[in-house]
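J.: Structure: input_30.csv, CSV, C-alpha atoms.
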chain,number,residue,atom,x,y,z
A,1,MET,CA,44.8,-42.0,-33.4
A,2,ILE,CA,46.9,-44.1,-31.0
A,3,GLY,CA,49.5,-42.0,-29.2
A,4,LYS,CA,53.1,-43.0,-30.0
A,5,LYS,CA,54.0,-42.7,-26.3
A,6,GLN,CA,51.5,-45.4,-25.5
A,7,VAL,CA,52.8,-47.9,-28.0
A,8,THR,CA,56.5,-47.3,-27.3
A,9,SER,CA,56.4,-47.0,-23.5
A,10,PHE,CA,56.7,-50.8,-23.0
A,11,LEU,CA,60.4,-51.1,-23.8
A,12,THR,CA,62.7,-49.0,-25.9
A,13,GLY,CA,65.7,-51.2,-26.4
A,14,ALA,CA,66.1,-54.7,-27.9
A,15,ALA,CA,68.5,-55.7,-25.1
A,16,ALA,CA,66.1,-54.5,-22.4
A,17,PHE,CA,63.2,-56.2,-24.2
A,18,LEU,CA,64.8,-59.6,-24.0
A,19,ALA,CA,66.4,-59.1,-20.6
A,20,LEU,CA,63.0,-58.5,-19.0
A,21,ALA,CA,61.4,-61.3,-20.9
A,22,THR,CA,60.9,-64.7,-19.3
A,23,VAL,CA,61.9,-67.3,-21.9
A,24,ALA,CA,59.3,-70.0,-22.0
A,25,LEU,CA,60.4,-72.0,-25.1
A,26,ALA,CA,63.3,-72.0,-27.5
A,27,THR,CA,63.3,-73.9,-30.7
A,28,ASP,CA,64.5,-73.6,-34.3
A,29,GLY,CA,64.0,-70.1,-35.5
A,30,PHE,CA,62.2,-68.4,-32.6
A,31,THR,CA,62.0,-68.0,-28.8
A,32,PHE,CA,58.9,-67.4,-26.6
A,33,PHE,CA,59.0,-64.8,-23.9
A,34,GLY,CA,56.7,-63.4,-21.3
A,35,ASP,CA,53.2,-65.0,-21.2
A,36,ALA,CA,53.5,-67.1,-24.4
A,37,GLU,CA,52.9,-70.8,-24.8
A,38,THR,CA,51.8,-73.3,-27.4
A,39,TYR,CA,48.1,-73.9,-27.7
A,40,SER,CA,46.0,-76.7,-29.3
A,41,PRO,CA,44.4,-76.7,-31.8
A,42,GLY,CA,45.9,-74.2,-34.2
A,43,TYR,CA,44.5,-73.0,-37.5
A,44,ASN,CA,44.1,-76.1,-39.7
A,45,SER,CA,46.9,-77.6,-37.6
A,46,PRO,CA,47.5,-79.1,-34.2
A,47,THR,CA,49.4,-76.2,-32.7
A,48,ALA,CA,49.2,-72.4,-32.5
A,49,VAL,CA,50.8,-70.0,-30.0
A,50,GLN,CA,48.9,-68.1,-27.4
A,51,LEU,CA,50.1,-64.6,-26.6
A,52,ARG,CA,48.7,-62.9,-23.5
A,53,SER,CA,49.0,-59.5,-21.9
A,54,ASP,CA,47.9,-59.8,-18.3
A,55,PRO,CA,48.8,-58.0,-15.1
A,56,THR,CA,51.9,-60.0,-14.6
A,57,PRO,CA,54.2,-59.8,-16.5
A,58,GLY,CA,52.0,-57.7,-18.8
A,59,TRP,CA,53.2,-59.0,-22.1
A,60,GLY,CA,53.8,-62.1,-24.2
A,61,GLY,CA,55.6,-62.6,-27.5
A,62,ILE,CA,57.7,-64.5,-30.0
A,63,ASP,CA,61.3,-63.4,-30.9
A,64,PHE,CA,62.2,-64.6,-34.3
A,65,ASP,CA,65.8,-65.3,-35.5
A,66,VAL,CA,67.0,-62.8,-38.2
A,67,ALA,CA,69.8,-63.7,-40.6
A,68,ALA,CA,73.0,-61.6,-40.1
A,69,GLY,CA,73.2,-58.8,-42.6
A,70,THR,CA,69.4,-58.4,-43.0
A,71,THR,CA,68.4,-54.8,-43.7
A,72,PHE,CA,65.1,-53.0,-43.4
A,73,ALA,CA,64.9,-52.9,-47.2
A,74,ASP,CA,64.9,-56.7,-47.1
A,75,ILE,CA,61.7,-56.9,-45.2
A,76,ASP,CA,59.0,-57.7,-47.8
A,77,THR,CA,56.6,-60.0,-46.1
A,78,LEU,CA,55.0,-59.9,-42.6
A,79,SER,CA,51.8,-61.8,-42.0
A,80,THR,CA,50.0,-64.1,-39.5
A,81,ASP,CA,46.8,-65.9,-38.9
A,82,TYR,CA,45.3,-64.7,-35.6
A,83,ASN,CA,42.3,-65.2,-33.4
A,84,PHE,CA,41.4,-63.1,-30.3
A,85,THR,CA,40.1,-65.2,-27.4
A,86,GLU,CA,40.1,-62.3,-24.9
A,87,ALA,CA,39.6,-58.6,-25.6
A,88,SER,CA,40.7,-57.4,-29.1
A,89,CYS,CA,43.4,-55.4,-30.9
A,90,GLY,CA,44.1,-51.9,-29.4
A,91,GLY,CA,46.8,-49.8,-27.8
A,92,GLY,CA,49.3,-50.7,-30.5
A,93,SER,CA,49.0,-54.4,-29.8
A,94,PRO,CA,49.4,-57.0,-31.3
A,95,ARG,CA,52.3,-55.8,-33.5
A,96,PHE,CA,55.4,-56.9,-35.3
A,97,GLN,CA,58.3,-54.8,-34.1
A,98,ILE,CA,61.5,-54.6,-36.1
A,99,ASN,CA,64.6,-53.7,-34.1
A,100,LEU,CA,66.7,-51.3,-36.1
A,101,ASP,CA,70.4,-50.2,-36.1
A,102,THR,CA,70.0,-47.1,-38.2
A,103,ASP,CA,73.7,-46.1,-38.2
A,104,ASN,CA,74.9,-49.7,-38.5
A,105,ASN,CA,77.3,-49.4,-35.6
A,106,GLY,CA,76.0,-52.6,-33.9
A,107,SER,CA,73.7,-51.0,-31.4
A,108,PHE,CA,69.9,-50.7,-31.2
A,109,ASP,CA,68.5,-47.3,-32.2
A,110,GLY,CA,64.7,-47.9,-32.2
A,111,ASN,CA,61.8,-50.0,-33.4
A,112,ALA,CA,59.7,-49.9,-36.5
A,113,PHE,CA,56.2,-51.0,-35.5
A,114,VAL,CA,53.7,-52.8,-37.8
A,115,TYR,CA,50.3,-53.0,-36.1
A,116,ILE,CA,47.7,-55.8,-36.5
A,117,GLY,CA,44.1,-54.7,-37.0
A,118,PRO,CA,42.1,-52.4,-39.2
A,119,PRO,CA,43.8,-49.0,-39.8
A,120,PRO,CA,43.9,-46.2,-39.0
A,121,ASN,CA,43.2,-46.9,-35.3
A,122,TYR,CA,44.0,-50.7,-35.2
A,123,THR,CA,41.1,-51.4,-32.9
A,124,LEU,CA,37.8,-53.5,-32.9
A,125,CYS,CA,39.2,-56.8,-34.2
A,126,PRO,CA,36.5,-59.5,-34.0
A,127,GLY,CA,36.9,-62.2,-31.5
A,128,GLY,CA,36.5,-65.9,-31.7
A,129,VAL,CA,37.4,-66.2,-35.4
A,130,TRP,CA,40.6,-67.0,-37.3
A,131,GLN,CA,41.6,-64.4,-39.8
A,132,ASN,CA,44.7,-63.4,-41.8
A,133,THR,CA,46.4,-60.1,-41.8
A,134,THR,CA,47.5,-60.5,-45.4
A,135,ASN,CA,50.9,-59.1,-46.1
A,136,LEU,CA,51.5,-56.1,-43.8
A,137,ALA,CA,54.8,-55.1,-45.6
A,138,ASP,CA,53.4,-54.1,-49.0
A,139,PRO,CA,54.7,-50.8,-50.2
A,140,ALA,CA,51.4,-48.9,-49.4
A,141,ASP,CA,51.0,-50.4,-45.9
A,142,PHE,CA,51.7,-48.4,-42.8
A,143,VAL,CA,54.7,-48.8,-40.5
A,144,ASP,CA,55.3,-46.6,-37.5
A,145,THR,CA,58.9,-45.3,-37.6
A,146,GLY,CA,58.4,-42.7,-34.9
A,147,GLN,CA,61.2,-44.2,-32.7
A,148,VAL,CA,63.8,-43.7,-35.5
A,149,GLY,CA,62.7,-40.2,-36.6
A,150,GLY,CA,59.8,-41.0,-39.0
A,151,THR,CA,56.1,-40.8,-38.5
A,152,PHE,CA,53.2,-43.0,-37.2
A,153,TYR,CA,51.8,-43.4,-40.7
A,154,ASP,CA,54.8,-43.9,-42.8
A,155,THR,CA,54.2,-46.3,-45.7
A,156,PHE,CA,56.7,-49.1,-46.2
A,157,ALA,CA,57.8,-47.5,-49.4
A,158,THR,CA,58.7,-44.3,-47.7
A,159,ALA,CA,60.2,-46.0,-44.6
A,160,GLN,CA,62.4,-48.2,-46.7
A,161,LEU,CA,63.5,-45.3,-48.8
A,162,ASN,CA,64.6,-43.5,-45.6
A,163,TYR,CA,65.8,-46.4,-43.5
A,164,GLY,CA,66.3,-49.2,-46.0
A,165,SER,CA,70.0,-49.5,-45.2
A,166,ALA,CA,69.4,-49.9,-41.4
A,167,THR,CA,70.4,-53.3,-40.0
A,168,VAL,CA,67.6,-55.5,-38.6
A,169,LEU,CA,68.7,-56.8,-35.2
A,170,GLY,CA,65.6,-58.7,-34.4
A,171,ILE,CA,61.9,-59.1,-35.1
A,172,GLN,CA,59.2,-59.8,-32.5
A,173,LEU,CA,55.5,-60.4,-32.5
A,174,VAL,CA,54.2,-58.8,-29.3
A,175,VAL,CA,51.0,-58.5,-27.2
A,176,ASP,CA,51.2,-56.0,-24.3
A,177,ALA,CA,48.1,-53.8,-24.1
A,178,ASN,CA,46.0,-55.2,-21.2
A,179,TRP,CA,46.1,-51.6,-19.9
A,180,PHE,CA,44.1,-50.5,-22.9
A,181,PHE,CA,41.2,-52.8,-21.8
A,182,GLY,CA,41.1,-51.6,-18.2
A,183,GLY,CA,43.5,-54.3,-17.0
A,184,ALA,CA,41.5,-57.2,-18.5
A,185,ASN,CA,43.5,-59.8,-20.3
A,186,GLN,CA,44.4,-59.3,-24.0
A,187,THR,CA,44.8,-62.8,-25.5
A,188,VAL,CA,45.4,-63.8,-29.1
A,189,LEU,CA,46.3,-67.0,-30.8
A,190,VAL,CA,48.7,-66.8,-33.7
A,191,ASP,CA,49.7,-69.4,-36.3
A,192,ASN,CA,51.4,-69.6,-39.7
A,193,VAL,CA,53.5,-66.5,-39.1
A,194,VAL,CA,55.3,-65.5,-42.3
A,195,ILE,CA,58.5,-63.3,-42.3
A,196,ASN,CA,60.0,-63.0,-45.7
A,197,ASN,CA,60.6,-66.6,-47.0
A,198,SER,CA,60.1,-68.2,-43.6
A,199,THR,CA,56.8,-69.7,-42.4
A,200,TYR,CA,56.4,-70.6,-38.7
A,201,THR,CA,53.8,-73.2,-38.0
A,202,PHE,CA,55.0,-74.1,-34.5
A,203,GLU,CA,54.8,-77.8,-35.1
A,204,ASN,CA,57.3,-80.5,-35.0
A,205,ALA,CA,57.3,-84.3,-35.5
A,206,ASP,CA,55.5,-84.8,-32.1
A,207,SER,CA,52.6,-82.8,-33.5
A,208,CYS,CA,51.9,-85.7,-35.9
A,209,LYS,CA,51.3,-88.2,-33.1
A,210,LYS,CA,47.9,-89.2,-31.6
A,211,ASP,CA,46.2,-88.5,-35.0
A,212,GLY,CA,47.6,-85.0,-35.1
A,213,TRP,CA,48.7,-85.6,-38.7
A,214,GLN,CA,45.0,-85.5,-39.7
A,215,SER,CA,44.7,-81.9,-38.4
A,216,PHE,CA,47.0,-80.6,-41.2
A,217,THR,CA,44.2,-79.7,-43.6
A,218,SER,CA,46.2,-77.0,-45.3
A,219,ASP,CA,50.0,-76.3,-45.9
A,220,PRO,CA,52.2,-78.1,-44.8
A,221,GLY,CA,49.6,-80.9,-45.2
A,222,PRO,CA,47.6,-82.8,-45.9
A,223,PHE,CA,49.5,-85.9,-45.1
A,224,LYS,CA,48.6,-89.5,-46.1
A,225,ASN,CA,49.5,-90.9,-42.7
A,226,GLN,CA,51.5,-90.3,-39.4
A,227,GLY,CA,54.8,-91.5,-40.9
A,228,ASP,CA,54.5,-89.1,-43.8
A,229,CYS,CA,53.9,-86.2,-41.4
A,230,VAL,CA,56.8,-87.2,-39.1
A,231,SER,CA,59.1,-87.5,-42.1
A,232,TYR,CA,58.2,-84.0,-43.2
A,233,PHE,CA,59.2,-82.4,-39.9
A,234,SER,CA,62.2,-84.7,-39.2
A,235,THR,CA,63.8,-84.0,-42.5
A,236,GLY,CA,63.6,-80.2,-42.1
A,237,ASP,CA,60.5,-79.9,-44.4
A,238,LYS,CA,62.4,-81.6,-47.3
A,239,ASN,CA,59.8,-84.4,-47.6
A,240,THR,CA,57.0,-82.6,-49.4
A,241,ALA,CA,53.5,-83.2,-48.2
A,242,ASN,CA,50.9,-84.8,-50.5
A,243,PRO,CA,49.0,-82.5,-52.8
Now, as a test, write the supplied structure out as structure tokens.

T.:
Amino acid sequence: MIGKKQVTSFLTGAAAFLALATVALATDGFTFFGDAETYSPGYNSPTAVQLRSDPTPGWGGIDFDVAAGTTFADIDTLSTDYNFTEASCGGGSPRFQINLDTDNNGSFDGNAFVYIGPPPNYTLCPGGVWQNTTNLADPADFVDTGQVGGTFYDTFATAQLNYGSATVLGIQLVVDANWFFGGANQTVLVDNVVINNSTYTFENADSCKKDGWQSFTSDPGPFKNQGDCVSYFSTGDKNTANP
């Protein structure tokens, strides 16, 4: 079993988390911090995001925008495609972390952690292959609520019963466990991140150029040509791709 101290020692406050982060890219719906950057190709698309935990700064991640008034009870979908290119899962990383205000006074009280990898230890993820987490927020799935008074192996059903009214201040997808691998880099590619009704593909209209439109072999593609692809992203996804 992974010790809670290990997976919570990185940062304990949402403000501290973002204050220490080095912002690499800001765009609609998310911000990169630490050692995070776009990577090509993605999974059935031109672009993914590479998240790396290395000696300096030791972490990389994506901070996703959260609609005002979102509560923990509203979280019903968390998933991503992922591919380890260095090391594997372990040490509580990678993970989604949900920043909670449990007493709804406007301040951060603790994170709920949703780990990526095979439970119960969340280690030994295969490398060099794309795979999908499936939905990690199903009622029977585990969520670590130890920082807000729960347990390492709470189910979502139990956690939302106990903390469902807590305000969600933010959600990040984080990699920070190079220490777990003796200081070696922990690097993972992520694509098609789904948080509730929002899917993050990390593409824009520029991704369609130089034959990039042909790389969309699954949703939001395929596209019939570059113009169709550019129109899709330029109109805010209102121009539906071809079936």

J.: Please, what distance in Å, to one decimal, runs between CA of Ile195 in chain A and CA of Phe32 in chain A?

T.: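 CA of Phe32 in chain A lies 16.2 Å from CA of Ile195 in chain A.
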
J.: Quick one: pull the distance between CA of Asn196 in chain A and CA of Trp130 in chain A, Å, one decimal.

T.: 21.5 Å

J.: Any idea what the distance is between CA of Thr201 in chain A and CA of Pro46 in chain A?

T.: 9.4 Å

J.: List the spatial neighbours of Gln147 in chain A as a PyMOL selection string - criterion: any atom at most 8 Å away, all atoms listed in the file, same-chain residues fewer than 6 positions off excluded.

T.: chain A and resi 8+109-112

J.: Each residue of range 137-235 of chain A lying at most 9 Å from range 92-106 of chain A should get a row with its shortest atom-to-atom pair and the distance in Å to one decimal, counting all atoms listed in the file; could you produce that, ordered by chain and increasing number, as CSV?

T.:
residue,atom,partner,partner_atom,distance
A:Val148,CA,A:Thr102,CA,7.6
A:Tyr163,CA,A:Thr102,CA,6.8
A:Gly164,CA,A:Thr102,CA,8.9
A:Ser165,CA,A:Thr102,CA,7.4
A:Ala166,CA,A:Thr102,CA,4.3
A:Thr167,CA,A:Asp101,CA,5.0
A:Val168,CA,A:Leu100,CA,5.0
A:Leu169,CA,A:Asn99,CA,5.3
A:Gly170,CA,A:Asn99,CA,5.1
A:Ile171,CA,A:Ile98,CA,4.6
A:Gln172,CA,A:Gln97,CA,5.3
A:Leu173,CA,A:Phe96,CA,4.5
A:Val174,CA,A:Arg95,CA,5.5
A:Val175,CA,A:Pro94,CA,4.6
A:Asp176,CA,A:Ser93,CA,6.1
A:Ala177,CA,A:Ser93,CA,5.8
A:Gln186,CA,A:Ser93,CA,8.9
A:Val188,CA,A:Pro94,CA,8.2

J.: Need the shell around Asp219 in chain A: protein/DNA/RNA residues with any atom at most 9 Å away, counting only C-alpha atoms. Skip same-chain ones fewer than 2 positions apart. Format as a list in words?

T.: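 Once the adjacent positions are removed, what remains is Asn44, Ser45, Phe216, Thr217, Gly221, Pro222 and Ala241 of chain A.
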
J.: I need the residues from that last selection saved to file as a PDB file, keeping the file's coordinate frame (with C-alpha atoms), if you can.

T.:
ATOM      1  CA  ASN A  44      44.100 -76.100 -39.700  1.00  0.00           C
ATOM      2  CA  SER A  45      46.900 -77.600 -37.600  1.00  0.00           C
ATOM      3  CA  PHE A 216      47.000 -80.600 -41.200  1.00  0.00           C
ATOM      4  CA  THR A 217      44.200 -79.700 -43.600  1.00  0.00           C
ATOM      5  CA  GLY A 221      49.600 -80.900 -45.200  1.00  0.00           C
ATOM      6  CA  PRO A 222      47.600 -82.800 -45.900  1.00  0.00           C
ATOM      7  CA  ALA A 241      53.500 -83.200 -48.200  1.00  0.00           C
TER       8      ALA A 241
END

J.: Skip Pro139 in chain A itself and residues of its chain fewer than 6 positions away, then list as a ChimeraX atom specification all residues within 8 Å of it, counting all atoms listed in the file.

T.: /A:155-157

J.: Go through A:Thr38, A:Ser53, A:Thr47, A:Gln131 one by one, measure the shortest atom-to-atom distance of each to Cys208 in chain A using all atoms listed in the file, and give the residue with the smallest value.

T.: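 The shortest atom-to-atom distance to Cys208 in chain A comes from A:Thr47.
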
J.: For Thr80 in chain A, which residue out of A:Gly29, A:Gly117, A:Gly149, A:Pro55 is the nearest one, using only C-alpha atoms?

T.: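 Selected residue with least distance to Thr80 in chain A: A:Gly117.
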
J.: Counting all atoms listed in the file, which of A:Thr56, A:Thr187, A:Thr151, A:Ser88 gets nearest to Glu37 in chain A?

T.: A:Thr187

J.: Find the residues near Ala48 in chain A: any atom within 7 Å, counting only C-alpha atoms, skip ones fewer than 2 places away on the same chain, and give them as a PyMOL selection string.

T.: chain A and resi 38-43+50+189-191+202

J.: Using all atoms listed in the file, which of A:Asp154, A:Glu203, A:Glu86, A:Asp35 sits nearest Pro57 in chain A?

T.: A:Asp35

J.: Can you fill out range 142-155 of chain A with N, CA and C atoms and hand it back as a PDB file, keeping the file's coordinate frame?

T.:
ATOM      1  N   PHE A 142      51.093 -49.285 -43.797  1.00  0.00           N
ATOM      2  CA  PHE A 142      51.700 -48.400 -42.800  1.00  0.00           C
ATOM      3  C   PHE A 142      52.669 -49.067 -41.911  1.00  0.00           C
ATOM      4  N   VAL A 143      53.684 -48.319 -41.515  1.00  0.00           N
ATOM      5  CA  VAL A 143      54.700 -48.800 -40.500  1.00  0.00           C
ATOM      6  C   VAL A 143      55.016 -47.531 -39.677  1.00  0.00           C
ATOM      7  N   ASP A 144      54.971 -47.681 -38.376  1.00  0.00           N
ATOM      8  CA  ASP A 144      55.300 -46.600 -37.500  1.00  0.00           C
ATOM      9  C   ASP A 144      56.779 -46.523 -37.248  1.00  0.00           C
ATOM     10  N   THR A 145      57.408 -45.489 -37.776  1.00  0.00           N
ATOM     11  CA  THR A 145      58.900 -45.300 -37.600  1.00  0.00           C
ATOM     12  C   THR A 145      59.175 -44.149 -36.675  1.00  0.00           C
ATOM     13  N   GLY A 146      58.233 -43.816 -35.804  1.00  0.00           N
ATOM     14  CA  GLY A 146      58.400 -42.700 -34.900  1.00  0.00           C
ATOM     15  C   GLY A 146      59.637 -42.807 -34.011  1.00  0.00           C
ATOM     16  N   GLN A 147      60.016 -44.031 -33.638  1.00  0.00           N
ATOM     17  CA  GLN A 147      61.200 -44.200 -32.700  1.00  0.00           C
ATOM     18  C   GLN A 147      62.495 -43.896 -33.431  1.00  0.00           C
ATOM     19  N   VAL A 148      62.512 -43.915 -34.758  1.00  0.00           N
ATOM     20  CA  VAL A 148      63.800 -43.700 -35.500  1.00  0.00           C
ATOM     21  C   VAL A 148      63.721 -42.410 -36.302  1.00  0.00           C
ATOM     22  N   GLY A 149      62.759 -41.529 -35.993  1.00  0.00           N
ATOM     23  CA  GLY A 149      62.700 -40.200 -36.600  1.00  0.00           C
ATOM     24  C   GLY A 149      61.670 -40.058 -37.705  1.00  0.00           C
ATOM     25  N   GLY A 150      60.864 -41.100 -37.948  1.00  0.00           N
ATOM     26  CA  GLY A 150      59.800 -41.000 -39.000  1.00  0.00           C
ATOM     27  C   GLY A 150      58.482 -40.650 -38.350  1.00  0.00           C
ATOM     28  N   THR A 151      57.400 -41.165 -38.947  1.00  0.00           N
ATOM     29  CA  THR A 151      56.100 -40.800 -38.500  1.00  0.00           C
ATOM     30  C   THR A 151      55.255 -42.086 -38.196  1.00  0.00           C
ATOM     31  N   PHE A 152      54.125 -41.883 -37.528  1.00  0.00           N
ATOM     32  CA  PHE A 152      53.200 -43.000 -37.200  1.00  0.00           C
ATOM     33  C   PHE A 152      52.686 -43.658 -38.425  1.00  0.00           C
ATOM     34  N   TYR A 153      52.404 -42.898 -39.453  1.00  0.00           N
ATOM     35  CA  TYR A 153      51.800 -43.400 -40.700  1.00  0.00           C
ATOM     36  C   TYR A 153      52.703 -43.396 -41.874  1.00  0.00           C
ATOM     37  N   ASP A 154      53.985 -43.679 -41.680  1.00  0.00           N
ATOM     38  CA  ASP A 154      54.800 -43.900 -42.800  1.00  0.00           C
ATOM     39  C   ASP A 154      54.334 -45.093 -43.634  1.00  0.00           C
ATOM     40  N   THR A 155      54.466 -45.060 -44.938  1.00  0.00           N
ATOM     41  CA  THR A 155      54.200 -46.300 -45.700  1.00  0.00           C
ATOM     42  C   THR A 155      55.555 -47.057 -45.760  1.00  0.00           C
TER      43      THR A 155
END
